[in-house]
Each structure stands twice: as C-alpha cells, then as structure tokens.
$ cat coords-v1.txt   # compact mmCIF, N, CA and C atoms and all ligand atoms
# COMPACT_ATOMS: atom_id res chain seq x y z
N MET C 1 191.24 -188.04 15.98
CA MET C 1 191.41 -189.32 15.29
C MET C 1 190.48 -189.41 14.08
N LYS C 2 189.28 -188.87 14.26
CA LYS C 2 188.30 -188.90 13.19
C LYS C 2 188.78 -188.09 11.98
N GLU C 3 189.42 -186.97 12.28
CA GLU C 3 189.89 -186.08 11.21
C GLU C 3 190.90 -186.79 10.32
N SER C 4 191.84 -187.53 10.95
CA SER C 4 192.87 -188.20 10.16
C SER C 4 192.26 -189.36 9.36
N GLN C 5 191.20 -189.95 9.91
CA GLN C 5 190.52 -191.03 9.19
C GLN C 5 189.90 -190.50 7.90
N ARG C 6 189.32 -189.31 8.01
CA ARG C 6 188.71 -188.69 6.84
C ARG C 6 189.79 -188.37 5.80
N GLU C 7 190.95 -187.97 6.32
CA GLU C 7 192.08 -187.66 5.44
C GLU C 7 192.47 -188.90 4.62
N VAL C 8 192.49 -190.04 5.28
CA VAL C 8 192.85 -191.29 4.62
C VAL C 8 191.80 -191.65 3.56
N ASP C 9 190.55 -191.40 3.90
CA ASP C 9 189.45 -191.72 2.98
C ASP C 9 189.53 -190.96 1.66
N ARG C 10 190.17 -189.84 1.69
CA ARG C 10 190.26 -189.03 0.47
C ARG C 10 191.22 -189.63 -0.55
N TRP C 11 192.11 -190.50 -0.09
CA TRP C 11 193.06 -191.11 -1.02
C TRP C 11 192.53 -192.47 -1.46
N VAL C 12 192.13 -192.54 -2.70
CA VAL C 12 191.51 -193.77 -3.21
C VAL C 12 192.18 -194.20 -4.51
N THR C 13 191.96 -195.46 -4.87
CA THR C 13 192.51 -195.96 -6.14
C THR C 13 191.78 -195.30 -7.30
N THR C 14 192.37 -195.36 -8.48
CA THR C 14 191.76 -194.72 -9.65
C THR C 14 190.36 -195.29 -9.93
N ALA C 15 190.19 -196.61 -9.68
CA ALA C 15 188.89 -197.24 -9.93
C ALA C 15 187.81 -196.65 -9.02
N VAL C 16 188.15 -196.51 -7.72
CA VAL C 16 187.21 -195.94 -6.76
C VAL C 16 186.96 -194.46 -7.08
N ALA C 17 188.02 -193.77 -7.44
CA ALA C 17 187.90 -192.35 -7.78
C ALA C 17 186.97 -192.17 -8.98
N ALA C 18 187.09 -193.06 -9.95
CA ALA C 18 186.25 -193.00 -11.14
C ALA C 18 184.78 -193.19 -10.77
N GLU C 19 184.56 -194.17 -9.89
CA GLU C 19 183.21 -194.47 -9.44
C GLU C 19 182.57 -193.28 -8.71
N ARG C 20 183.36 -192.65 -7.85
CA ARG C 20 182.81 -191.58 -7.02
C ARG C 20 182.73 -190.24 -7.75
N SER C 21 183.62 -190.03 -8.73
CA SER C 21 183.65 -188.71 -9.36
C SER C 21 182.90 -188.67 -10.68
N GLY C 22 182.70 -189.84 -11.29
CA GLY C 22 182.03 -189.87 -12.58
C GLY C 22 182.98 -189.74 -13.76
N PHE C 23 184.27 -189.51 -13.46
CA PHE C 23 185.28 -189.48 -14.51
C PHE C 23 185.59 -190.91 -14.94
N LYS C 24 186.10 -191.05 -16.17
CA LYS C 24 186.58 -192.37 -16.58
C LYS C 24 187.97 -192.58 -15.99
N VAL C 25 188.33 -193.85 -15.75
CA VAL C 25 189.65 -194.18 -15.21
C VAL C 25 190.74 -193.58 -16.12
N ARG C 26 190.49 -193.68 -17.41
CA ARG C 26 191.44 -193.16 -18.42
C ARG C 26 191.64 -191.64 -18.23
N THR C 27 190.56 -190.95 -17.96
CA THR C 27 190.63 -189.50 -17.75
C THR C 27 191.43 -189.19 -16.50
N ILE C 28 191.17 -189.94 -15.45
CA ILE C 28 191.88 -189.72 -14.19
C ILE C 28 193.38 -189.98 -14.38
N ARG C 29 193.72 -191.04 -15.13
CA ARG C 29 195.13 -191.34 -15.39
C ARG C 29 195.79 -190.18 -16.12
N ARG C 30 195.03 -189.57 -17.05
CA ARG C 30 195.57 -188.44 -17.81
C ARG C 30 195.82 -187.26 -16.87
N TYR C 31 194.88 -187.03 -15.97
CA TYR C 31 195.04 -185.94 -15.01
C TYR C 31 196.26 -186.17 -14.13
N ILE C 32 196.49 -187.42 -13.74
CA ILE C 32 197.66 -187.75 -12.92
C ILE C 32 198.93 -187.42 -13.71
N ARG C 33 198.95 -187.86 -14.96
CA ARG C 33 200.12 -187.65 -15.81
C ARG C 33 200.41 -186.17 -16.00
N LYS C 34 199.34 -185.39 -16.12
CA LYS C 34 199.52 -183.96 -16.35
C LYS C 34 199.72 -183.18 -15.05
N GLY C 35 199.65 -183.88 -13.92
CA GLY C 35 199.84 -183.24 -12.63
C GLY C 35 198.68 -182.37 -12.21
N ARG C 36 197.50 -182.65 -12.72
CA ARG C 36 196.34 -181.83 -12.38
C ARG C 36 195.66 -182.30 -11.10
N VAL C 37 195.95 -183.51 -10.68
CA VAL C 37 195.42 -184.00 -9.41
C VAL C 37 196.58 -184.48 -8.54
N SER C 38 196.35 -184.47 -7.23
CA SER C 38 197.37 -185.01 -6.33
C SER C 38 197.25 -186.53 -6.34
N ALA C 39 198.36 -187.21 -6.58
CA ALA C 39 198.36 -188.67 -6.58
C ALA C 39 199.66 -189.18 -6.00
N VAL C 40 199.58 -190.33 -5.33
CA VAL C 40 200.78 -190.96 -4.79
C VAL C 40 200.85 -192.41 -5.26
N MET C 41 202.07 -192.89 -5.47
CA MET C 41 202.27 -194.28 -5.85
C MET C 41 202.25 -195.15 -4.60
N ARG C 42 201.44 -196.20 -4.62
CA ARG C 42 201.46 -197.17 -3.52
C ARG C 42 201.68 -198.53 -4.17
N GLY C 43 202.94 -198.96 -4.17
CA GLY C 43 203.26 -200.19 -4.87
C GLY C 43 203.07 -200.00 -6.36
N ARG C 44 202.13 -200.71 -6.94
CA ARG C 44 201.92 -200.58 -8.38
C ARG C 44 200.68 -199.76 -8.74
N VAL C 45 199.96 -199.32 -7.71
CA VAL C 45 198.76 -198.52 -8.00
C VAL C 45 198.91 -197.07 -7.55
N TYR C 46 198.15 -196.24 -8.20
CA TYR C 46 198.11 -194.84 -7.82
C TYR C 46 196.96 -194.60 -6.86
N LEU C 47 197.22 -193.80 -5.83
CA LEU C 47 196.13 -193.33 -4.98
C LEU C 47 195.88 -191.87 -5.34
N VAL C 48 194.64 -191.58 -5.63
CA VAL C 48 194.27 -190.24 -6.05
C VAL C 48 193.59 -189.51 -4.91
N ASN C 49 193.87 -188.23 -4.78
CA ASN C 49 193.19 -187.42 -3.78
C ASN C 49 191.85 -186.96 -4.35
N LEU C 50 190.79 -187.43 -3.72
CA LEU C 50 189.43 -187.16 -4.23
C LEU C 50 189.10 -185.67 -4.29
N SER C 51 189.51 -184.94 -3.27
CA SER C 51 189.16 -183.52 -3.27
C SER C 51 189.91 -182.75 -4.36
N SER C 52 191.10 -183.23 -4.73
CA SER C 52 191.82 -182.54 -5.79
C SER C 52 191.20 -182.85 -7.15
N LEU C 53 190.53 -183.99 -7.22
CA LEU C 53 189.88 -184.39 -8.47
C LEU C 53 188.64 -183.54 -8.75
N ALA C 54 188.07 -183.01 -7.67
CA ALA C 54 186.84 -182.23 -7.80
C ALA C 54 187.00 -181.02 -8.72
N HIS C 55 188.21 -180.43 -8.69
CA HIS C 55 188.38 -179.26 -9.55
C HIS C 55 189.48 -179.46 -10.59
N ALA C 56 189.72 -180.72 -10.96
CA ALA C 56 190.78 -181.02 -11.94
C ALA C 56 190.41 -180.52 -13.33
N LYS C 57 189.13 -180.50 -13.61
CA LYS C 57 188.66 -180.12 -14.93
C LYS C 57 188.77 -178.61 -15.16
N LYS C 58 188.50 -177.89 -14.08
CA LYS C 58 188.55 -176.43 -14.17
C LYS C 58 190.01 -175.97 -14.19
N PRO C 59 190.30 -174.95 -14.96
CA PRO C 59 191.66 -174.43 -14.90
C PRO C 59 191.89 -173.73 -13.57
N TYR C 60 193.11 -173.76 -13.10
CA TYR C 60 193.42 -173.10 -11.84
C TYR C 60 193.67 -171.64 -12.11
N HIS C 61 192.85 -170.81 -11.55
CA HIS C 61 193.06 -169.38 -11.72
C HIS C 61 194.01 -168.91 -10.62
N LYS C 62 195.13 -168.40 -11.09
CA LYS C 62 196.14 -167.98 -10.12
C LYS C 62 196.69 -166.62 -10.49
N ARG C 63 197.50 -166.08 -9.57
CA ARG C 63 198.16 -164.83 -9.81
C ARG C 63 199.66 -165.08 -9.87
N CYS C 64 200.27 -164.55 -10.91
CA CYS C 64 201.70 -164.79 -11.12
C CYS C 64 202.51 -164.16 -9.98
N LEU C 65 203.47 -164.93 -9.45
CA LEU C 65 204.30 -164.44 -8.34
C LEU C 65 205.24 -163.33 -8.78
N ASN C 66 205.53 -163.28 -10.07
CA ASN C 66 206.46 -162.27 -10.56
C ASN C 66 205.77 -160.98 -10.98
N CYS C 67 204.82 -161.09 -11.92
CA CYS C 67 204.23 -159.86 -12.47
C CYS C 67 202.85 -159.56 -11.88
N GLY C 68 202.29 -160.51 -11.12
CA GLY C 68 201.01 -160.25 -10.47
C GLY C 68 199.81 -160.38 -11.38
N LYS C 69 200.05 -160.79 -12.63
CA LYS C 69 198.97 -160.95 -13.60
C LYS C 69 198.18 -162.23 -13.30
N ALA C 70 196.86 -162.19 -13.53
CA ALA C 70 196.05 -163.39 -13.35
C ALA C 70 196.26 -164.30 -14.55
N PHE C 71 196.34 -165.60 -14.31
CA PHE C 71 196.54 -166.54 -15.42
C PHE C 71 195.91 -167.87 -15.09
N ARG C 72 195.76 -168.71 -16.13
CA ARG C 72 195.20 -170.05 -15.95
C ARG C 72 196.36 -171.03 -15.86
N ALA C 73 196.49 -171.66 -14.71
CA ALA C 73 197.58 -172.62 -14.52
C ALA C 73 197.18 -173.98 -15.07
N ALA C 74 198.12 -174.66 -15.69
CA ALA C 74 197.85 -175.99 -16.22
C ALA C 74 198.07 -177.05 -15.15
N ARG C 75 198.90 -176.71 -14.16
CA ARG C 75 199.19 -177.65 -13.08
C ARG C 75 198.89 -177.01 -11.72
N VAL C 76 198.68 -177.87 -10.73
CA VAL C 76 198.34 -177.40 -9.39
C VAL C 76 199.44 -176.50 -8.83
N ASN C 77 200.69 -176.89 -9.10
CA ASN C 77 201.80 -176.21 -8.44
C ASN C 77 202.43 -175.09 -9.27
N GLN C 78 201.77 -174.71 -10.35
CA GLN C 78 202.32 -173.64 -11.19
C GLN C 78 202.20 -172.29 -10.49
N LYS C 79 203.28 -171.51 -10.51
CA LYS C 79 203.26 -170.25 -9.77
C LYS C 79 203.43 -169.03 -10.68
N PHE C 80 203.92 -169.28 -11.90
CA PHE C 80 204.21 -168.16 -12.78
C PHE C 80 203.44 -168.27 -14.09
N CYS C 81 203.15 -167.11 -14.70
CA CYS C 81 202.34 -167.13 -15.92
C CYS C 81 203.14 -167.62 -17.11
N LYS C 82 204.43 -167.37 -17.13
CA LYS C 82 205.28 -167.88 -18.20
C LYS C 82 206.70 -168.14 -17.69
N ASP C 83 207.48 -168.87 -18.49
CA ASP C 83 208.84 -169.23 -18.11
C ASP C 83 209.69 -168.00 -17.78
N ARG C 84 209.49 -166.95 -18.58
CA ARG C 84 210.26 -165.73 -18.40
C ARG C 84 210.04 -165.16 -16.99
N CYS C 85 208.80 -165.18 -16.54
CA CYS C 85 208.48 -164.68 -15.20
C CYS C 85 209.16 -165.52 -14.12
N ARG C 86 209.17 -166.83 -14.33
CA ARG C 86 209.78 -167.73 -13.36
C ARG C 86 211.27 -167.43 -13.24
N ILE C 87 211.93 -167.26 -14.39
CA ILE C 87 213.36 -167.00 -14.41
C ILE C 87 213.67 -165.64 -13.78
N LEU C 88 212.88 -164.62 -14.17
CA LEU C 88 213.08 -163.28 -13.62
C LEU C 88 212.94 -163.27 -12.11
N TYR C 89 211.90 -163.98 -11.63
CA TYR C 89 211.63 -164.03 -10.20
C TYR C 89 212.81 -164.62 -9.44
N HIS C 90 213.30 -165.76 -9.94
CA HIS C 90 214.40 -166.43 -9.24
C HIS C 90 215.71 -165.65 -9.36
N ASN C 91 215.91 -164.99 -10.48
CA ASN C 91 217.09 -164.14 -10.64
C ASN C 91 217.07 -163.03 -9.61
N ARG C 92 215.91 -162.40 -9.48
CA ARG C 92 215.77 -161.29 -8.55
C ARG C 92 216.01 -161.75 -7.12
N LYS C 93 215.45 -162.91 -6.80
CA LYS C 93 215.59 -163.46 -5.46
C LYS C 93 217.07 -163.72 -5.15
N TYR C 94 217.76 -164.28 -6.14
CA TYR C 94 219.17 -164.61 -5.96
C TYR C 94 220.00 -163.35 -5.79
N ARG C 95 219.69 -162.34 -6.62
CA ARG C 95 220.47 -161.10 -6.56
C ARG C 95 220.28 -160.39 -5.23
N LYS C 96 219.03 -160.41 -4.73
CA LYS C 96 218.72 -159.77 -3.46
C LYS C 96 219.54 -160.42 -2.35
N LYS C 97 219.57 -161.75 -2.37
CA LYS C 97 220.30 -162.51 -1.37
C LYS C 97 221.79 -162.17 -1.45
N LYS C 98 222.30 -162.05 -2.67
CA LYS C 98 223.72 -161.79 -2.88
C LYS C 98 224.07 -160.39 -2.36
N ARG C 99 223.14 -159.42 -2.61
CA ARG C 99 223.37 -158.06 -2.13
C ARG C 99 223.51 -158.03 -0.62
N ILE C 100 222.65 -158.76 0.05
CA ILE C 100 222.68 -158.81 1.51
C ILE C 100 223.99 -159.42 1.99
N MET C 101 224.40 -160.48 1.30
CA MET C 101 225.65 -161.17 1.64
C MET C 101 226.85 -160.23 1.44
N ASP C 102 226.82 -159.48 0.33
CA ASP C 102 227.92 -158.56 0.04
C ASP C 102 228.03 -157.47 1.10
N LYS C 103 226.87 -156.98 1.53
CA LYS C 103 226.83 -155.93 2.55
C LYS C 103 227.42 -156.44 3.87
N ALA C 104 227.16 -157.67 4.17
CA ALA C 104 227.59 -158.27 5.43
C ALA C 104 229.11 -158.42 5.51
N GLU C 105 229.73 -158.52 4.35
CA GLU C 105 231.18 -158.74 4.34
C GLU C 105 231.99 -157.48 4.69
ZN ZN C 201 204.02 -163.30 -14.88

$ encode --input "coords-v1.txt" --output "structure tokens"
Amino acid sequence: MKESQREVDRWVTTAVAAERSGFKVRTIRRYIRKGRVSAVMRGRVYLVNLSSLAHAKKPYHKRCLNCGKAFRAARVNQKFCKDRCRILYHNRKYRKKKRIMDKAE
C-alpha cells in the first residue's frame, strides 16, 4: 500500500513540480508540450511525473532500434535515430510477418 502511495506522490501539479524541482512553471509547460516529461490531464490541470522531470533537461541517450547507432532522443518515447530508420524498421517487420504468412499458406 505504501508503494502505491509513493507512486501517487510523484504526480503533482505544475506549480508543485516547479517548487520541488526548481524549474519555472513555464519551463515545465514547455517540457510537457515537447513530450520530454510524463504528464497527464486531470480536468483542466496537468499532473507532472516528478521523477521524469529530474532528467528532462538532459538529452535521452538511446540506441536506435534499426541501425543500433547511439543518438540523442528529443522525446522520452523516441526509438529511432531518424525517420528513415523508423520506416525501414517497420517495413522490415511487416515483410517478415508477410513472409511467415505466405509460408503458412
Ligand atoms: Zn538509426
């Protein structure tokens, strides 16, 4: 029960997040808009995930799912270094699936 309570505590309004993180409310709103922090709409206010705010300023260092190259992601959920990689990856995935389907027939 304690664990879930802590989970709830991490979701705070932008004003509280600003107070605890030292960011300006305006900065936090920008991060929300750019998808750099996890946020949920609750009525008319945004609830921000405090732990996601901790590393919002730093670029996300990730490895591209397609080419395996290291890159700086602009968003939390970015998986590919460029659009071309994203398209190639999904094309390959689709073709592989189709090949299996063709074999089954
Ligand atoms: Zn790539």

$ residues_near_ligand --input "coords-v1.txt" --ligand "ligand ZN 201 (chain C)" --cutoff "12 Å" --atoms "only C-alpha atoms and all ligand atoms" --output "MDAnalysis selection string"
chainID C and resid 62:73 78:89

$ atom_distance --input "coords-v1.txt" --atom1 "atom CA of C:Asn91" --atom2 "atom N of C:Lys34"
28.2 Å

$ closest_residue --input "coords-v1.txt" --among "C:Ile100, C:His90, C:Glu105, C:Asn49" --to "C:Arg10" --atoms "only N, CA and C atoms"
C:Asn49

$ closest_residue --input "coords-v1.txt" --among "C:Tyr60, C:Val40, C:Val45, C:Leu53" --to "C:Ile28" --atoms "only C-alpha atoms"
C:Leu53

$ atom_distance --input "coords-v1.txt" --atom1 "atom N of C:Tyr31" --atom2 "atom CA of C:Thr14"
10.4 Å

$ decode --input "coords-v1.txt" --residues "stretch 31-57 of chain C" --atoms "N, CA and C atoms" --output "short mmCIF file (atom, residue, chain, number, x, y, z; two decimals), in the first residue's frame"
data_model
loop_
_atom_site.label_atom_id
_atom_site.label_comp_id
_atom_site.auth_asym_id
_atom_site.auth_seq_id
_atom_site.Cartn_x
_atom_site.Cartn_y
_atom_site.Cartn_z
N TYR C 31 8.25 21.60 -21.44
CA TYR C 31 8.66 20.20 -21.44
C TYR C 31 7.46 19.29 -21.71
N ILE C 32 6.31 19.63 -21.14
CA ILE C 32 5.09 18.84 -21.36
C ILE C 32 4.74 18.88 -22.84
N ARG C 33 4.77 20.08 -23.40
CA ARG C 33 4.41 20.27 -24.81
C ARG C 33 5.33 19.48 -25.72
N LYS C 34 6.61 19.45 -25.35
CA LYS C 34 7.58 18.75 -26.19
C LYS C 34 7.64 17.26 -25.90
N GLY C 35 6.87 16.82 -24.91
CA GLY C 35 6.84 15.41 -24.57
C GLY C 35 8.09 14.93 -23.85
N ARG C 36 8.78 15.84 -23.20
CA ARG C 36 10.02 15.45 -22.51
C ARG C 36 9.76 14.94 -21.10
N VAL C 37 8.59 15.23 -20.57
CA VAL C 37 8.22 14.69 -19.26
C VAL C 37 6.89 13.95 -19.38
N SER C 38 6.66 13.01 -18.47
CA SER C 38 5.38 12.33 -18.46
C SER C 38 4.37 13.23 -17.76
N ALA C 39 3.24 13.47 -18.41
CA ALA C 39 2.20 14.30 -17.82
C ALA C 39 0.83 13.76 -18.20
N VAL C 40 -0.12 13.93 -17.29
CA VAL C 40 -1.49 13.51 -17.57
C VAL C 40 -2.44 14.68 -17.30
N MET C 41 -3.50 14.75 -18.09
CA MET C 41 -4.52 15.78 -17.89
C MET C 41 -5.48 15.32 -16.80
N ARG C 42 -5.71 16.18 -15.81
CA ARG C 42 -6.72 15.88 -14.79
C ARG C 42 -7.66 17.09 -14.77
N GLY C 43 -8.76 16.96 -15.50
CA GLY C 43 -9.66 18.09 -15.63
C GLY C 43 -8.98 19.18 -16.43
N ARG C 44 -8.72 20.31 -15.81
CA ARG C 44 -8.08 21.41 -16.54
C ARG C 44 -6.61 21.59 -16.20
N VAL C 45 -6.12 20.75 -15.28
CA VAL C 45 -4.70 20.89 -14.93
C VAL C 45 -3.89 19.66 -15.36
N TYR C 46 -2.62 19.92 -15.53
CA TYR C 46 -1.70 18.84 -15.86
C TYR C 46 -1.07 18.31 -14.59
N LEU C 47 -0.95 17.00 -14.49
CA LEU C 47 -0.16 16.40 -13.42
C LEU C 47 1.14 15.92 -14.05
N VAL C 48 2.23 16.34 -13.45
CA VAL C 48 3.54 16.02 -13.98
C VAL C 48 4.18 14.93 -13.13
N ASN C 49 4.87 14.01 -13.77
CA ASN C 49 5.61 12.99 -13.05
C ASN C 49 6.95 13.57 -12.61
N LEU C 50 7.12 13.66 -11.30
CA LEU C 50 8.32 14.31 -10.75
C LEU C 50 9.61 13.61 -11.15
N SER C 51 9.59 12.28 -11.15
CA SER C 51 10.83 11.58 -11.48
C SER C 51 11.21 11.75 -12.95
N SER C 52 10.21 11.95 -13.81
CA SER C 52 10.54 12.16 -15.22
C SER C 52 11.10 13.56 -15.43
N LEU C 53 10.73 14.46 -14.54
CA LEU C 53 11.21 15.84 -14.63
C LEU C 53 12.70 15.94 -14.27
N ALA C 54 13.14 14.98 -13.45
CA ALA C 54 14.51 15.01 -12.97
C ALA C 54 15.54 14.97 -14.11
N HIS C 55 15.18 14.26 -15.19
CA HIS C 55 16.15 14.19 -16.28
C HIS C 55 15.59 14.78 -17.58
N ALA C 56 14.64 15.71 -17.45
CA ALA C 56 14.03 16.31 -18.64
C ALA C 56 15.02 17.20 -19.39
N LYS C 57 15.93 17.79 -18.66
CA LYS C 57 16.87 18.72 -19.24
C LYS C 57 17.95 18.01 -20.05
#
